[in-house]
>>> print(open('entry.pdb').read())   # PDB, C-alpha atoms
MODEL        1
ATOM      1  CA  MET A   1     -25.047  14.909 -19.783
ATOM      2  CA  PRO A   2     -26.953  12.910 -17.152
ATOM      3  CA  GLY A   3     -25.497  12.024 -13.817
ATOM      4  CA  ASN A   4     -23.536  13.953 -11.240
ATOM      5  CA  PRO A   5     -23.472  17.693 -12.018
ATOM      6  CA  ASN A   6     -20.468  18.111  -9.732
ATOM      7  CA  ALA A   7     -18.370  15.453 -11.442
ATOM      8  CA  SER A   8     -15.620  16.517 -13.787
ATOM      9  CA  TYR A   9     -15.622  15.045 -17.282
ATOM     10  CA  ILE A  10     -12.562  15.395 -19.446
ATOM     11  CA  TYR A  11     -13.144  14.410 -23.044
ATOM     12  CA  ASN A  12     -11.580  15.142 -26.406
ATOM     13  CA  TYR A  13      -7.958  15.026 -25.358
ATOM     14  CA  PRO A  14      -5.648  12.054 -25.135
ATOM     15  CA  VAL A  15      -4.779  11.364 -21.515
ATOM     16  CA  LYS A  16      -1.053  10.914 -21.180
ATOM     17  CA  LYS A  17      -0.464   7.353 -20.066
ATOM     18  CA  PHE A  18       1.010   8.130 -16.705
ATOM     19  CA  LEU A  19      -1.792   5.774 -15.652
ATOM     20  CA  LEU A  20       0.397   2.900 -16.734
ATOM     21  CA  PRO A  21      -0.968  -0.589 -16.227
ATOM     22  CA  LEU A  22      -0.107  -1.817 -12.777
ATOM     23  CA  PHE A  23       3.185  -3.718 -12.912
ATOM     24  CA  ALA A  24       3.213  -2.887 -16.635
ATOM     25  CA  CYS A  25       6.551  -4.500 -17.486
ATOM     26  CA  ALA A  26       5.665  -7.732 -15.734
ATOM     27  CA  ALA A  27       4.405  -9.916 -18.540
ATOM     28  CA  SER A  28       2.722 -12.264 -16.115
ATOM     29  CA  PHE A  29       0.034  -9.609 -15.524
ATOM     30  CA  LEU A  30      -2.583  -8.976 -18.174
ATOM     31  CA  LEU A  31      -4.503  -5.717 -17.828
ATOM     32  CA  SER A  32      -6.562  -3.608 -20.179
ATOM     33  CA  SER A  33      -5.325  -0.194 -21.271
ATOM     34  CA  CYS A  34      -7.969   1.454 -19.073
ATOM     35  CA  MET A  35      -6.950   2.249 -15.526
ATOM     36  CA  THR A  36      -8.415   3.680 -12.333
ATOM     37  CA  LEU A  37      -6.299   5.835 -10.044
ATOM     38  CA  SER A  38      -7.536   6.830  -6.595
ATOM     39  CA  GLU A  39      -6.206   9.972  -4.956
ATOM     40  CA  ASN A  40      -6.727   8.307  -1.568
ATOM     41  CA  PRO A  41      -6.088   4.792  -0.241
ATOM     42  CA  LEU A  42      -8.952   2.684   1.061
ATOM     43  CA  SER A  43      -7.743   3.164   4.631
ATOM     44  CA  PRO A  44      -4.991   5.160   6.353
ATOM     45  CA  ALA A  45      -1.647   3.417   6.288
ATOM     46  CA  GLU A  46      -1.229   4.247   9.977
ATOM     47  CA  THR A  47      -4.205   2.085  10.961
ATOM     48  CA  ALA A  48      -3.630  -0.743   8.455
ATOM     49  CA  ARG A  49      -2.448  -4.167   9.518
ATOM     50  CA  PRO A  50       0.368  -5.955   7.678
ATOM     51  CA  ASP A  51      -0.375  -9.200   5.874
ATOM     52  CA  SER A  52       2.497 -11.559   6.602
ATOM     53  CA  ARG A  53       1.183 -14.001   3.997
ATOM     54  CA  LEU A  54       2.464 -11.703   1.248
ATOM     55  CA  ALA A  55       6.061 -11.649   2.461
ATOM     56  CA  GLY A  56       8.319 -13.833   0.367
ATOM     57  CA  THR A  57       9.155 -14.715  -3.214
ATOM     58  CA  TRP A  58       6.584 -15.455  -5.890
ATOM     59  CA  VAL A  59       6.792 -16.396  -9.555
ATOM     60  CA  GLY A  60       4.331 -15.756 -12.337
ATOM     61  CA  LYS A  61       2.305 -18.725 -13.469
ATOM     62  CA  ASN A  62       1.894 -17.252 -16.957
ATOM     63  CA  GLU A  63       3.723 -19.453 -19.471
ATOM     64  CA  ASP A  64       4.776 -16.347 -21.414
ATOM     65  CA  ALA A  65       6.855 -15.069 -18.478
ATOM     66  CA  PRO A  66       7.647 -18.006 -16.194
ATOM     67  CA  ASP A  67      10.924 -16.512 -14.930
ATOM     68  CA  ASP A  68       9.660 -13.182 -13.599
ATOM     69  CA  VAL A  69      10.293 -13.029  -9.853
ATOM     70  CA  PHE A  70       8.144 -11.019  -7.436
ATOM     71  CA  ARG A  71       9.392 -10.354  -3.919
ATOM     72  CA  PHE A  72       7.366  -8.757  -1.121
ATOM     73  CA  THR A  73       9.388  -7.476   1.826
ATOM     74  CA  GLN A  74       8.046  -6.019   5.051
ATOM     75  CA  GLY A  75       8.642  -2.324   5.677
ATOM     76  CA  LYS A  76       7.605   0.022   8.449
ATOM     77  CA  GLY A  77       4.177  -0.654   9.911
ATOM     78  CA  ALA A  78       1.853  -2.116   7.290
ATOM     79  CA  TRP A  79       3.942  -0.879   4.357
ATOM     80  CA  MET A  80       5.582  -3.420   2.061
ATOM     81  CA  ARG A  81       7.936  -3.133  -0.890
ATOM     82  CA  LEU A  82       7.339  -5.220  -3.999
ATOM     83  CA  THR A  83      10.257  -5.709  -6.371
ATOM     84  CA  ILE A  84       9.958  -7.420  -9.730
ATOM     85  CA  THR A  85      12.928  -8.814 -11.623
ATOM     86  CA  HIS A  86      13.019 -10.157 -15.156
ATOM     87  CA  PRO A  87      15.814 -12.708 -15.551
ATOM     88  CA  ASP A  88      17.505 -12.716 -18.962
ATOM     89  CA  LYS A  89      15.651  -9.535 -19.975
ATOM     90  CA  LYS A  90      16.785  -5.939 -20.419
ATOM     91  CA  GLU A  91      14.019  -4.382 -18.335
ATOM     92  CA  LYS A  92      15.263  -2.698 -15.181
ATOM     93  CA  LEU A  93      14.190  -3.761 -11.708
ATOM     94  CA  GLU A  94      10.722  -2.522 -10.802
ATOM     95  CA  SER A  95       9.648  -1.578  -7.291
ATOM     96  CA  TYR A  96       6.350  -0.529  -5.696
ATOM     97  CA  ASP A  97       5.324   0.543  -2.199
ATOM     98  CA  LEU A  98       1.987  -0.776  -0.966
ATOM     99  CA  PHE A  99      -0.046  -1.694   2.076
ATOM    100  CA  PRO A 100      -3.182  -3.809   2.601
ATOM    101  CA  SER A 101      -6.705  -2.832   3.579
ATOM    102  CA  ILE A 102      -9.511  -5.089   4.767
ATOM    103  CA  ILE A 103     -13.175  -4.501   3.936
ATOM    104  CA  GLY A 104     -15.391  -7.127   5.518
ATOM    105  CA  LYS A 105     -13.800 -10.442   4.593
ATOM    106  CA  ARG A 106     -12.086  -9.112   1.469
ATOM    107  CA  THR A 107      -8.477  -7.954   1.217
ATOM    108  CA  PHE A 108      -7.067  -5.167  -0.944
ATOM    109  CA  LEU A 109      -3.748  -3.581  -1.802
ATOM    110  CA  ASN A 110      -3.148   0.154  -1.976
ATOM    111  CA  VAL A 111      -0.288   0.485  -4.462
ATOM    112  CA  ARG A 112       1.297   3.940  -4.354
ATOM    113  CA  THR A 113       2.264   5.551  -7.637
ATOM    114  CA  SER A 114       3.213   8.939  -9.050
ATOM    115  CA  GLY A 115       3.676  10.375 -12.508
ATOM    116  CA  LYS A 116       3.090  13.328 -14.812
ATOM    117  CA  ASP A 117      -0.190  14.364 -16.387
ATOM    118  CA  GLU A 118      -0.621  15.826 -19.870
ATOM    119  CA  ARG A 119       0.436  19.266 -18.569
ATOM    120  CA  GLY A 120       3.554  18.003 -16.871
ATOM    121  CA  ARG A 121       2.101  18.261 -13.382
ATOM    122  CA  THR A 122       2.993  15.656 -10.786
ATOM    123  CA  VAL A 123       0.048  13.407  -9.989
ATOM    124  CA  LYS A 124       0.117  11.033  -7.041
ATOM    125  CA  GLY A 125      -2.326   8.366  -6.038
ATOM    126  CA  TYR A 126      -3.034   4.709  -5.501
ATOM    127  CA  TYR A 127      -4.019   1.760  -7.612
ATOM    128  CA  ILE A 128      -6.551  -0.309  -5.663
ATOM    129  CA  VAL A 129      -6.234  -4.048  -6.194
ATOM    130  CA  ARG A 130      -8.335  -6.772  -4.641
ATOM    131  CA  TYR A 131      -6.330  -9.889  -3.762
ATOM    132  CA  SER A 132      -6.680 -13.339  -2.291
ATOM    133  CA  ILE A 133      -4.179 -16.000  -1.257
ATOM    134  CA  SER A 134      -5.233 -19.634  -1.468
ATOM    135  CA  SER A 135      -4.274 -22.415   0.910
ATOM    136  CA  SER A 136      -1.912 -23.666  -1.802
ATOM    137  CA  HIS A 137      -0.070 -20.313  -1.737
ATOM    138  CA  VAL A 138      -1.385 -18.881  -4.985
ATOM    139  CA  LEU A 139      -1.830 -15.101  -5.085
ATOM    140  CA  THR A 140      -4.616 -13.783  -7.319
ATOM    141  CA  MET A 141      -5.385 -10.099  -7.907
ATOM    142  CA  TRP A 142      -8.104  -8.047  -9.563
ATOM    143  CA  PRO A 143      -7.805  -4.312 -10.476
ATOM    144  CA  LEU A 144     -10.675  -1.869 -10.132
ATOM    145  CA  SER A 145     -12.867  -1.857 -13.225
ATOM    146  CA  SER A 146     -12.526   1.456 -15.062
ATOM    147  CA  ASP A 147     -15.991   0.973 -16.586
ATOM    148  CA  ALA A 148     -17.615   0.452 -13.185
ATOM    149  CA  MET A 149     -15.756   3.402 -11.674
ATOM    150  CA  ALA A 150     -16.635   5.650 -14.627
ATOM    151  CA  ASP A 151     -20.307   4.751 -14.178
ATOM    152  CA  ALA A 152     -20.079   5.472 -10.439
ATOM    153  CA  VAL A 153     -18.605   8.927 -11.124
ATOM    154  CA  ARG A 154     -21.146   9.763 -13.839
ATOM    155  CA  GLU A 155     -24.013   8.705 -11.590
ATOM    156  CA  GLY A 156     -22.750  10.781  -8.662
ATOM    157  CA  LYS A 157     -21.994   7.793  -6.459
ATOM    158  CA  LEU A 158     -18.309   8.703  -6.242
ATOM    159  CA  LYS A 159     -16.389  11.918  -6.823
ATOM    160  CA  GLY A 160     -13.890  11.784  -9.638
ATOM    161  CA  ILE A 161     -12.830  12.534 -13.186
ATOM    162  CA  VAL A 162     -13.517  10.422 -16.261
ATOM    163  CA  HIS A 163     -10.813  10.718 -18.902
ATOM    164  CA  ARG A 164     -11.887   9.830 -22.431
ATOM    165  CA  ASN A 165      -9.261   8.789 -24.982
ATOM    166  CA  ASN A 166      -9.689  11.102 -27.954
ATOM    167  CA  ASP A 167      -8.090   8.572 -30.278
ATOM    168  CA  ILE A 168     -10.972   6.140 -29.884
ATOM    169  CA  LEU A 169     -13.716   6.577 -32.492
ATOM    170  CA  ASP A 170     -16.309   4.554 -30.602
ATOM    171  CA  ASP A 171     -18.762   6.959 -28.929
ATOM    172  CA  SER A 172     -20.019   4.472 -26.337
ATOM    173  CA  PRO A 173     -19.338   5.480 -22.706
ATOM    174  CA  HIS A 174     -17.168   2.399 -22.192
ATOM    175  CA  SER A 175     -15.077   2.703 -25.351
ATOM    176  CA  ASP A 176     -11.822   3.650 -23.619
ATOM    177  CA  VAL A 177     -11.689   5.548 -20.346
ATOM    178  CA  ASP A 178      -9.311   6.161 -17.483
ATOM    179  CA  VAL A 179     -10.712   7.282 -14.153
ATOM    180  CA  THR A 180      -9.273   9.398 -11.346
ATOM    181  CA  LEU A 181     -11.226   8.901  -8.130
ATOM    182  CA  GLN A 182     -11.207  11.967  -5.867
ATOM    183  CA  ASP A 183     -13.474  10.651  -3.119
ATOM    184  CA  SER A 184     -12.337   9.746   0.368
ATOM    185  CA  GLY A 185     -11.074   6.285   1.127
ATOM    186  CA  ALA A 186     -13.995   5.806   3.517
ATOM    187  CA  ASN A 187     -16.565   6.543   0.802
ATOM    188  CA  LEU A 188     -14.788   4.309  -1.690
ATOM    189  CA  SER A 189     -14.665   1.538   0.927
ATOM    190  CA  ARG A 190     -18.415   1.869   1.530
ATOM    191  CA  PHE A 191     -19.052   1.724  -2.203
ATOM    192  CA  ILE A 192     -16.975  -1.444  -2.575
ATOM    193  CA  GLN A 193     -18.614  -3.043   0.463
ATOM    194  CA  SER A 194     -22.106  -2.406  -0.921
ATOM    195  CA  HIS A 195     -21.402  -3.934  -4.338
ATOM    196  CA  ASP A 196     -20.524  -7.350  -5.660
ATOM    197  CA  SER A 197     -16.772  -7.712  -6.206
ATOM    198  CA  ASP A 198     -17.312  -9.035  -9.720
ATOM    199  CA  ASP A 199     -19.122  -5.803 -10.599
ATOM    200  CA  VAL A 200     -16.501  -3.459  -9.130
ATOM    201  CA  PHE A 201     -13.272  -5.228 -10.025
ATOM    202  CA  GLY A 202     -12.101  -6.212 -13.480
ATOM    203  CA  ASP A 203     -10.634  -9.341 -14.982
ATOM    204  CA  LYS A 204      -8.239 -11.139 -12.695
ATOM    205  CA  MET A 205      -4.554 -10.874 -13.304
ATOM    206  CA  ASN A 206      -2.524 -13.959 -13.962
ATOM    207  CA  PRO A 207      -1.778 -15.597 -10.606
ATOM    208  CA  LEU A 208       1.504 -15.844  -8.735
ATOM    209  CA  LYS A 209       2.819 -18.919  -6.957
ATOM    210  CA  ARG A 210       4.856 -18.599  -3.784
ATOM    211  CA  VAL A 211       8.232 -20.321  -4.025
ATOM    212  CA  GLY A 212      10.127 -19.174  -0.929
ATOM    213  CA  ASP A 213      10.677 -16.722   1.924
TER     214      ASP A 213
ENDMDL
END
>>> encode(input="entry.pdb", output="structure tokens")
Amino acid sequence: MPGNPNASYIYNYPVKKFLLPLFACAASFLLSSCMTLSENPLSPAETARPDSRLAGTWVGKNEDAPDDVFRFTQGKGAWMRLTITHPDKKEKLESYDLFPSIIGKRTFLNVRTSGKDERGRTVKGYYIVRYSISSSHVLTMWPLSSDAMADAVREGKLKGIVHRNNDILDDSPHSDVDVTLQDSGANLSRFIQSHDSDDVFGDKMNPLKRVGD
């Protein structure tokens, strides 16, 4: 197989979906089934700066889930807590811890997560999400592209593992993959900075509109 001889490739077993789509129960977000998990954040939380623009209450602009409520609250240092509620639905309250990173003029969220892999081992990491907030208080986010990250790992540009879904019959390299990035946050930041955002990040999520403090 061409590419990075030091990269780990895991094929022919179904990866347990602990790599759940970011904010999976929030219907106002639309993500593919392929996900990228980074073992490290883009920057240390201790040196990150909080983004006060995020603090407050937001609602999804997706017509399929207009009542979902997203609330960012400030925590210690740059850390924030995001809670998502689903009025008139049976889903339980969701919560996520995250903090921002800045690369050049672009802003990103490091969303902390943990779960179990296919062997029952605890796996911790971060979902990296690019975001922007417009002057009209609309929050738009883009997740890392699993295809772009898989290519970067295969080509030796980043350290990581490419997980291939065994249930997919398509043999193309982009048929259905999850990626675990094992590189440092500094190297991942340099990679992002040297590439066009549209090439590194996937389809944008449905936007959120700020409605209050």
>>> closest_residue(input="entry.pdb", among="A:Glu155, A:Asp51, A:Asp178, A:Glu94", to="A:Gly75", atoms="only C-alpha atoms")
A:Asp51
>>> atom_distance(input="entry.pdb", atom1="atom CA of A:Leu208", atom2="atom CA of A:Pro50")
19.2 Å
>>> closest_residue(input="entry.pdb", among="A:Ile192, A:Ala152, A:Met141, A:Val111", to="A:Ser38", atoms="all atoms listed in the file")
A:Val111
>>> atom_distance(input="entry.pdb", atom1="atom CA of A:Asp196", atom2="atom CA of A:Thr113")
26.3 Å
>>> closest_residue(input="entry.pdb", among="A:Gly56, A:Pro207, A:Gly125, A:Gly77", to="A:Val179", atoms="all atoms listed in the file")
A:Gly125
>>> residues_around(input="entry.pdb", residues="A:Trp142", least_positions_apart="3", cutoff="12 Å", atoms="all atoms listed in the file", output="MDAnalysis selection string")
chainID A and resid 22 29:32 35 106:109 127:132 139 145:146 197:207
>>> write_last_selection(input="entry.pdb", atoms="C-alpha atoms", output="tab-separated table (two decimals), in the frame of the given file")
chain	number	residue	atom	x	y	z
A	22	LEU	CA	-0.11	-1.82	-12.78
A	29	PHE	CA	0.03	-9.61	-15.52
A	30	LEU	CA	-2.58	-8.98	-18.17
A	31	LEU	CA	-4.50	-5.72	-17.83
A	32	SER	CA	-6.56	-3.61	-20.18
A	35	MET	CA	-6.95	2.25	-15.53
A	106	ARG	CA	-12.09	-9.11	1.47
A	107	THR	CA	-8.48	-7.95	1.22
A	108	PHE	CA	-7.07	-5.17	-0.94
A	109	LEU	CA	-3.75	-3.58	-1.80
A	127	TYR	CA	-4.02	1.76	-7.61
A	128	ILE	CA	-6.55	-0.31	-5.66
A	129	VAL	CA	-6.23	-4.05	-6.19
A	130	ARG	CA	-8.34	-6.77	-4.64
A	131	TYR	CA	-6.33	-9.89	-3.76
A	132	SER	CA	-6.68	-13.34	-2.29
A	139	LEU	CA	-1.83	-15.10	-5.08
A	145	SER	CA	-12.87	-1.86	-13.22
A	146	SER	CA	-12.53	1.46	-15.06
A	197	SER	CA	-16.77	-7.71	-6.21
A	198	ASP	CA	-17.31	-9.04	-9.72
A	199	ASP	CA	-19.12	-5.80	-10.60
A	200	VAL	CA	-16.50	-3.46	-9.13
A	201	PHE	CA	-13.27	-5.23	-10.02
A	202	GLY	CA	-12.10	-6.21	-13.48
A	203	ASP	CA	-10.63	-9.34	-14.98
A	204	LYS	CA	-8.24	-11.14	-12.70
A	205	MET	CA	-4.55	-10.87	-13.30
A	206	ASN	CA	-2.52	-13.96	-13.96
A	207	PRO	CA	-1.78	-15.60	-10.61
>>> atom_distance(input="entry.pdb", atom1="atom CA of A:Arg112", atom2="atom CA of A:Leu42")
11.7 Å
>>> residues_around(input="entry.pdb", residues="A:Val138", least_positions_apart="6", cutoff="10 Å", atoms="all atoms listed in the file", output="ChimeraX atom specification")
/A:58-61,132,207-211
>>> axis_aligned_box(input="entry.pdb", around="stretch 50-58 of chain A", padding_each_side="8 Å", output="JSON")
{"center_x": 4.4, "center_y": -10.7, "center_z": 0.9, "size_x": 25.5, "size_y": 25.5, "size_z": 29.6}
>>> closest_residue(input="entry.pdb", among="A:Thr36, A:Thr47, A:Thr180, A:Asn187", to="A:Ser101", atoms="only C-alpha atoms")
A:Thr47
>>> residues_around(input="entry.pdb", residues="A:Trp79", least_positions_apart="4", cutoff="10 Å", atoms="only C-alpha atoms", output="PyMOL selection string")
chain A and resi 45-46+48-51+73-75+97-100+110-111
>>> closest_residue(input="entry.pdb", among="A:Ile84, A:Phe72, A:Leu37, A:Gly212", to="A:Ser114", atoms="all atoms listed in the file")
A:Leu37
>>> closest_residue(input="entry.pdb", among="A:Met149, A:Leu188, A:Ile161, A:Leu54", to="A:Ala78", atoms="all atoms listed in the file")
A:Leu54
>>> build_atoms(input="entry.pdb", residues="stretch 46-60 of chain A", atoms="N, CA and C atoms", output="compact mmCIF listing (two decimals), in the coordinates of the input")
# COMPACT_ATOMS: atom_id res chain seq x y z
N GLU A 46 -1.57 4.29 8.54
CA GLU A 46 -1.23 4.25 9.98
C GLU A 46 -2.10 3.26 10.75
N THR A 47 -3.30 2.99 10.25
CA THR A 47 -4.20 2.08 10.96
C THR A 47 -4.29 0.71 10.28
N ALA A 48 -3.57 0.53 9.18
CA ALA A 48 -3.63 -0.74 8.46
C ALA A 48 -2.82 -1.81 9.18
N ARG A 49 -3.17 -3.05 8.94
CA ARG A 49 -2.45 -4.17 9.52
C ARG A 49 -1.66 -4.89 8.44
N PRO A 50 -0.42 -5.25 8.69
CA PRO A 50 0.37 -5.96 7.68
C PRO A 50 -0.18 -7.34 7.42
N ASP A 51 0.04 -7.84 6.23
CA ASP A 51 -0.38 -9.20 5.87
C ASP A 51 0.88 -10.02 5.65
N SER A 52 1.25 -10.79 6.66
CA SER A 52 2.50 -11.56 6.60
C SER A 52 2.47 -12.63 5.52
N ARG A 53 1.28 -12.98 5.04
CA ARG A 53 1.18 -14.00 4.00
C ARG A 53 1.81 -13.54 2.69
N LEU A 54 1.90 -12.22 2.49
CA LEU A 54 2.46 -11.70 1.25
C LEU A 54 3.98 -11.78 1.23
N ALA A 55 4.61 -11.70 2.39
CA ALA A 55 6.06 -11.65 2.46
C ALA A 55 6.68 -12.91 1.86
N GLY A 56 7.65 -12.70 0.99
CA GLY A 56 8.32 -13.83 0.37
C GLY A 56 8.48 -13.65 -1.13
N THR A 57 8.87 -14.72 -1.78
CA THR A 57 9.15 -14.72 -3.21
C THR A 57 8.09 -15.48 -3.97
N TRP A 58 7.63 -14.88 -5.06
CA TRP A 58 6.58 -15.46 -5.89
C TRP A 58 7.03 -15.44 -7.35
N VAL A 59 6.50 -16.38 -8.12
CA VAL A 59 6.79 -16.40 -9.56
C VAL A 59 5.47 -16.40 -10.32
N GLY A 60 5.51 -15.78 -11.50
CA GLY A 60 4.33 -15.76 -12.34
C GLY A 60 4.01 -17.12 -12.90
